[in-house]
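One file, query23.cif, is given below (mmCIF, C-alpha atoms).
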data_start
#
loop_
_atom_site.label_atom_id
_atom_site.label_comp_id
_atom_site.auth_asym_id
_atom_site.auth_seq_id
_atom_site.Cartn_x
_atom_site.Cartn_y
_atom_site.Cartn_z
CA MET E 1 -2.43 5.28 1.17
CA VAL E 2 -1.53 7.66 3.99
CA GLY E 3 -3.49 8.42 7.14
CA LEU E 4 -4.02 7.72 10.78
CA PRO E 5 -5.85 4.52 11.81
CA ALA E 6 -9.62 4.41 11.28
CA ARG E 7 -9.61 7.36 8.87
CA GLY E 8 -11.00 5.54 5.82
CA LYS E 9 -7.87 4.44 3.95
CA THR E 10 -9.14 0.91 3.34
CA PHE E 11 -12.58 2.18 2.35
CA ILE E 12 -11.06 4.56 -0.21
CA ALA E 13 -8.72 1.86 -1.53
CA ARG E 14 -11.57 -0.65 -1.96
CA LYS E 15 -13.90 1.80 -3.69
CA THR E 16 -11.15 3.07 -5.99
CA ALA E 17 -9.89 -0.44 -6.82
CA ARG E 18 -13.43 -1.55 -7.65
CA TYR E 19 -13.95 1.48 -9.91
CA LEU E 20 -10.63 0.93 -11.68
CA SER E 21 -11.50 -2.74 -12.21
CA TRP E 22 -14.83 -1.69 -13.68
CA LEU E 23 -12.90 0.52 -16.11
CA GLY E 24 -10.83 -2.51 -17.12
CA HIS E 25 -7.64 -1.85 -15.14
CA HIS E 26 -5.95 -4.49 -13.06
CA SER E 27 -6.02 -3.44 -9.41
CA LYS E 28 -5.16 -5.04 -6.11
CA ILE E 29 -5.02 -3.94 -2.48
CA PHE E 30 -2.11 -4.90 -0.21
CA ASN E 31 -3.40 -4.23 3.28
CA VAL E 32 -0.59 -4.26 5.84
CA GLY E 33 -3.10 -4.79 8.65
CA ASN E 34 -4.14 -8.09 7.10
CA TYR E 35 -0.50 -9.18 6.97
CA ARG E 36 -0.12 -8.21 10.65
CA ARG E 37 -3.25 -10.16 11.63
CA GLU E 38 -1.87 -13.26 9.87
CA VAL E 39 1.32 -13.02 11.96
CA VAL E 40 0.09 -11.95 15.42
CA GLY E 41 -3.67 -12.43 15.26
CA ALA E 42 -6.51 -9.94 15.41
CA ASN E 43 -6.42 -9.18 19.12
CA VAL E 44 -3.27 -7.29 20.05
CA SER E 45 -2.87 -4.84 22.89
CA ASN E 46 -2.25 -1.15 22.39
CA ASP E 47 1.31 -1.78 23.59
CA PHE E 48 2.00 -3.58 20.31
CA PHE E 49 1.66 -0.26 18.46
CA ASP E 50 3.70 1.78 20.94
CA PRO E 51 6.74 3.23 19.10
CA ARG E 52 8.84 2.46 22.20
CA ASN E 53 8.01 -1.26 21.91
CA PRO E 54 10.97 -2.75 19.97
CA GLU E 55 9.35 -6.18 19.54
CA GLY E 56 6.16 -4.65 18.15
CA ALA E 57 8.15 -2.32 15.91
CA LYS E 58 10.11 -5.27 14.52
CA VAL E 59 6.94 -7.20 13.67
CA ARG E 60 5.26 -4.11 12.18
CA GLU E 61 8.30 -3.47 9.97
CA LYS E 62 8.41 -7.13 8.91
CA VAL E 63 4.76 -7.23 7.81
CA ALA E 64 5.03 -3.84 6.06
CA GLU E 65 8.02 -5.15 4.12
CA ALA E 66 6.20 -8.39 3.26
CA ALA E 67 3.21 -6.49 1.86
CA LEU E 68 5.46 -4.16 -0.14
CA MET E 69 7.46 -7.05 -1.62
CA ASP E 70 4.25 -8.91 -2.49
CA MET E 71 3.05 -5.79 -4.28
CA CYS E 72 6.32 -5.56 -6.24
CA ARG E 73 6.02 -9.23 -7.22
CA TRP E 74 2.42 -8.65 -8.36
CA PHE E 75 3.59 -5.88 -10.69
CA GLU E 76 6.51 -7.95 -11.98
CA GLU E 77 4.33 -11.00 -12.62
CA ALA E 78 1.95 -8.82 -14.64
CA TYR E 79 4.55 -8.83 -17.42
CA GLY E 80 6.06 -12.23 -16.81
CA GLY E 81 8.82 -10.92 -14.58
CA VAL E 82 11.35 -8.13 -14.57
CA GLU E 83 13.07 -9.23 -17.79
CA ALA E 84 9.82 -9.23 -19.76
CA ALA E 85 8.83 -5.86 -18.33
CA ALA E 86 12.22 -4.38 -19.28
CA SER E 87 11.87 -5.88 -22.75
CA ALA E 88 8.38 -4.36 -23.15
CA SER E 89 9.81 -0.99 -22.19
CA ALA E 90 12.71 -1.33 -24.63
CA ASN E 91 10.31 -2.27 -27.43
CA GLY E 92 8.19 0.81 -26.78
CA SER E 93 5.12 -1.09 -25.62
CA ALA E 94 5.01 0.71 -22.27
CA SER E 95 3.16 3.97 -22.56
CA THR E 96 3.39 5.81 -19.27
CA THR E 97 6.18 7.71 -17.59
CA ARG E 98 7.73 6.87 -14.25
CA ALA E 99 7.12 9.27 -11.37
CA GLY E 100 9.67 12.06 -11.43
CA GLY E 101 10.19 11.70 -15.19
CA GLY E 102 12.68 8.88 -14.72
CA GLY E 103 11.76 6.96 -17.85
CA PRO E 104 9.08 4.62 -19.08
CA SER E 105 6.95 2.64 -16.68
CA ASN E 106 6.70 -1.06 -17.38
CA TYR E 107 3.37 -1.55 -15.62
CA SER E 108 0.87 0.57 -17.54
CA GLY E 109 -2.72 -0.24 -16.60
CA TYR E 110 -1.91 -1.89 -13.27
CA VAL E 111 -2.79 -0.13 -10.02
CA ALA E 112 -1.92 -1.38 -6.55
CA PHE E 113 -2.89 0.12 -3.21
CA TYR E 114 -0.37 -0.17 -0.40
CA ASP E 115 -2.88 0.20 2.40
CA ALA E 116 -1.02 1.23 5.55
CA THR E 117 -0.69 4.34 7.70
CA ASN E 118 2.60 5.38 6.06
CA SER E 119 2.50 8.29 8.48
CA THR E 120 6.20 9.16 8.55
CA VAL E 121 8.32 10.74 5.86
CA GLU E 122 10.84 7.94 6.32
CA ARG E 123 8.23 5.24 5.70
CA ARG E 124 6.90 6.97 2.59
CA LYS E 125 10.48 7.33 1.31
CA VAL E 126 11.05 3.57 1.68
CA VAL E 127 7.85 2.87 -0.24
CA TYR E 128 8.67 5.46 -2.92
CA ASP E 129 12.28 4.33 -3.40
CA THR E 130 11.37 0.63 -3.47
CA LEU E 131 8.75 1.14 -6.16
CA THR E 132 10.40 3.77 -8.37
CA LYS E 133 13.63 1.78 -8.68
CA ARG E 134 11.45 -0.93 -10.25
CA GLY E 135 9.84 1.52 -12.69
CA ILE E 136 6.56 1.66 -10.79
CA GLU E 137 4.83 5.04 -10.62
CA VAL E 138 3.89 6.19 -7.12
CA MET E 139 1.10 8.41 -5.89
CA PHE E 140 0.27 8.84 -2.21
CA ILE E 141 -3.38 9.41 -1.32
CA GLU E 142 -3.95 10.82 2.16
CA SER E 143 -7.19 10.24 4.01
CA ILE E 144 -7.92 12.89 6.63
CA CYS E 145 -10.90 12.57 8.93
CA ASP E 146 -11.48 14.55 12.11
CA ASP E 147 -15.13 13.59 12.65
CA GLU E 148 -15.00 11.85 16.05
CA ASP E 149 -18.29 9.97 15.51
CA MET E 150 -17.09 8.56 12.19
CA ILE E 151 -13.74 7.57 13.68
CA MET E 152 -15.43 5.76 16.57
CA ASN E 153 -17.76 3.95 14.13
CA ASN E 154 -14.74 2.88 12.08
CA ILE E 155 -12.98 1.58 15.18
CA LYS E 156 -16.04 -0.41 16.26
CA GLU E 157 -16.40 -2.08 12.86
#
Before anything else, please render the file you have as structure tokens.
Amino acid sequence: MVGLPARGKTFIARKTARYLSWLGHHSKIFNVGNYRREVVGANVSNDFFDPRNPEGAKVREKVAEAALMDMCRWFEEAYGGVEAAASASANGSASTTRAGGGGPSNYSGYVAFYDATNSTVERRKVVYDTLTKRGIEVMFIESICDDEDMIMNNIKE
């Protein structure tokens, strides 16, 4: 997911995950905000999110990495680990292609949502590189909302 805070990323991820589950696909949401709340609590000041705050940046990076690694583990456990996934690919039982045409994906039918702002090119590159080197297809979905009333309602919830 890509988008500024309070723009509907989590809403879109939840609705899409529920629909995919209804269709019979395995889906899971990895919400970086939930990881952050586990580490620093729900009530943090605006200073925590200031890009010039090195302590806040360090914590934000740590929780983003934790969510991403948990997502990778979820994919790998779907096929009993990396070795089993590679074996499934070698035996032809994987049926989709990795993003960029880089070969077969080992995780057909599994969809994860990395629910975070991912607002910089650098951050999206980290996510993309981390996943594609494991044979996981990547698609970024951007949520854009400029309706001030809706944004304020989302913030209040």
How big is the axis-aligned box around all listed atoms of range 53-65 of chain E once 5 Å goes on each side, and where's its centre, in Å to one decimal, as AutoDock Vina command-line options?
--center_x 7.9 --center_y -4.2 --center_z 13.0 --size_x 16.2 --size_y 16.0 --size_z 27.8
Test item: residues at most 6 Å from Ala67 in chain E, all atoms listed in the file, excluding those fewer than 2 positions along its chain, as a ChimeraX atom specification: /E:30,32,64-65,69-70
Interatomic distance, CA of Asp146 in chain E to CA of Val111 in chain E (Å, one decimal):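 It comes out at 27.9 Å.
Each of E:Asn34, E:Pro54, E:Thr117, E:Lys125 was compared to Ile144 in chain E using only C-alpha atoms, and E:Thr117 turns out to be the nearest.
A straight line drawn from CA of Pro51 in chain E to CA of Arg123 in chain E is 13.6 Å long.
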Gly3 in chain E surroundings by all atoms listed in the file, 10 Å radius, close-in-sequence under 3 positions cut, as a list in words: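 Contacts, with the query itself left out: Ala6, Arg7, Gly8, Lys9, Asp115, Ala116, Thr117, Asn118, Ser119, Thr120, Ile141, Glu142, Ser143, Ile144 and Cys145 of chain E.
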Output file for the residues above (C-alpha atoms, as a PDB file, in the coordinates of the input):
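Saved file part.pdb follows:
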ATOM      1  CA  ALA E   6      -9.620   4.410  11.280  1.00  0.00           C
ATOM      2  CA  ARG E   7      -9.610   7.360   8.870  1.00  0.00           C
ATOM      3  CA  GLY E   8     -11.000   5.540   5.820  1.00  0.00           C
ATOM      4  CA  LYS E   9      -7.870   4.440   3.950  1.00  0.00           C
ATOM      5  CA  ASP E 115      -2.880   0.200   2.400  1.00  0.00           C
ATOM      6  CA  ALA E 116      -1.020   1.230   5.550  1.00  0.00           C
ATOM      7  CA  THR E 117      -0.690   4.340   7.700  1.00  0.00           C
ATOM      8  CA  ASN E 118       2.600   5.380   6.060  1.00  0.00           C
ATOM      9  CA  SER E 119       2.500   8.290   8.480  1.00  0.00           C
ATOM     10  CA  THR E 120       6.200   9.160   8.550  1.00  0.00           C
ATOM     11  CA  ILE E 141      -3.380   9.410  -1.320  1.00  0.00           C
ATOM     12  CA  GLU E 142      -3.950  10.820   2.160  1.00  0.00           C
ATOM     13  CA  SER E 143      -7.190  10.240   4.010  1.00  0.00           C
ATOM     14  CA  ILE E 144      -7.920  12.890   6.630  1.00  0.00           C
ATOM     15  CA  CYS E 145     -10.900  12.570   8.930  1.00  0.00           C
TER      16      CYS E 145
END
Which residue of E:Val126, E:Glu61, E:Phe113, E:Asn53 approaches Ala13 in chain E most closely, using only C-alpha atoms: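 Looking at the shortest contact to Ala13 in chain E, the residue is E:Phe113.
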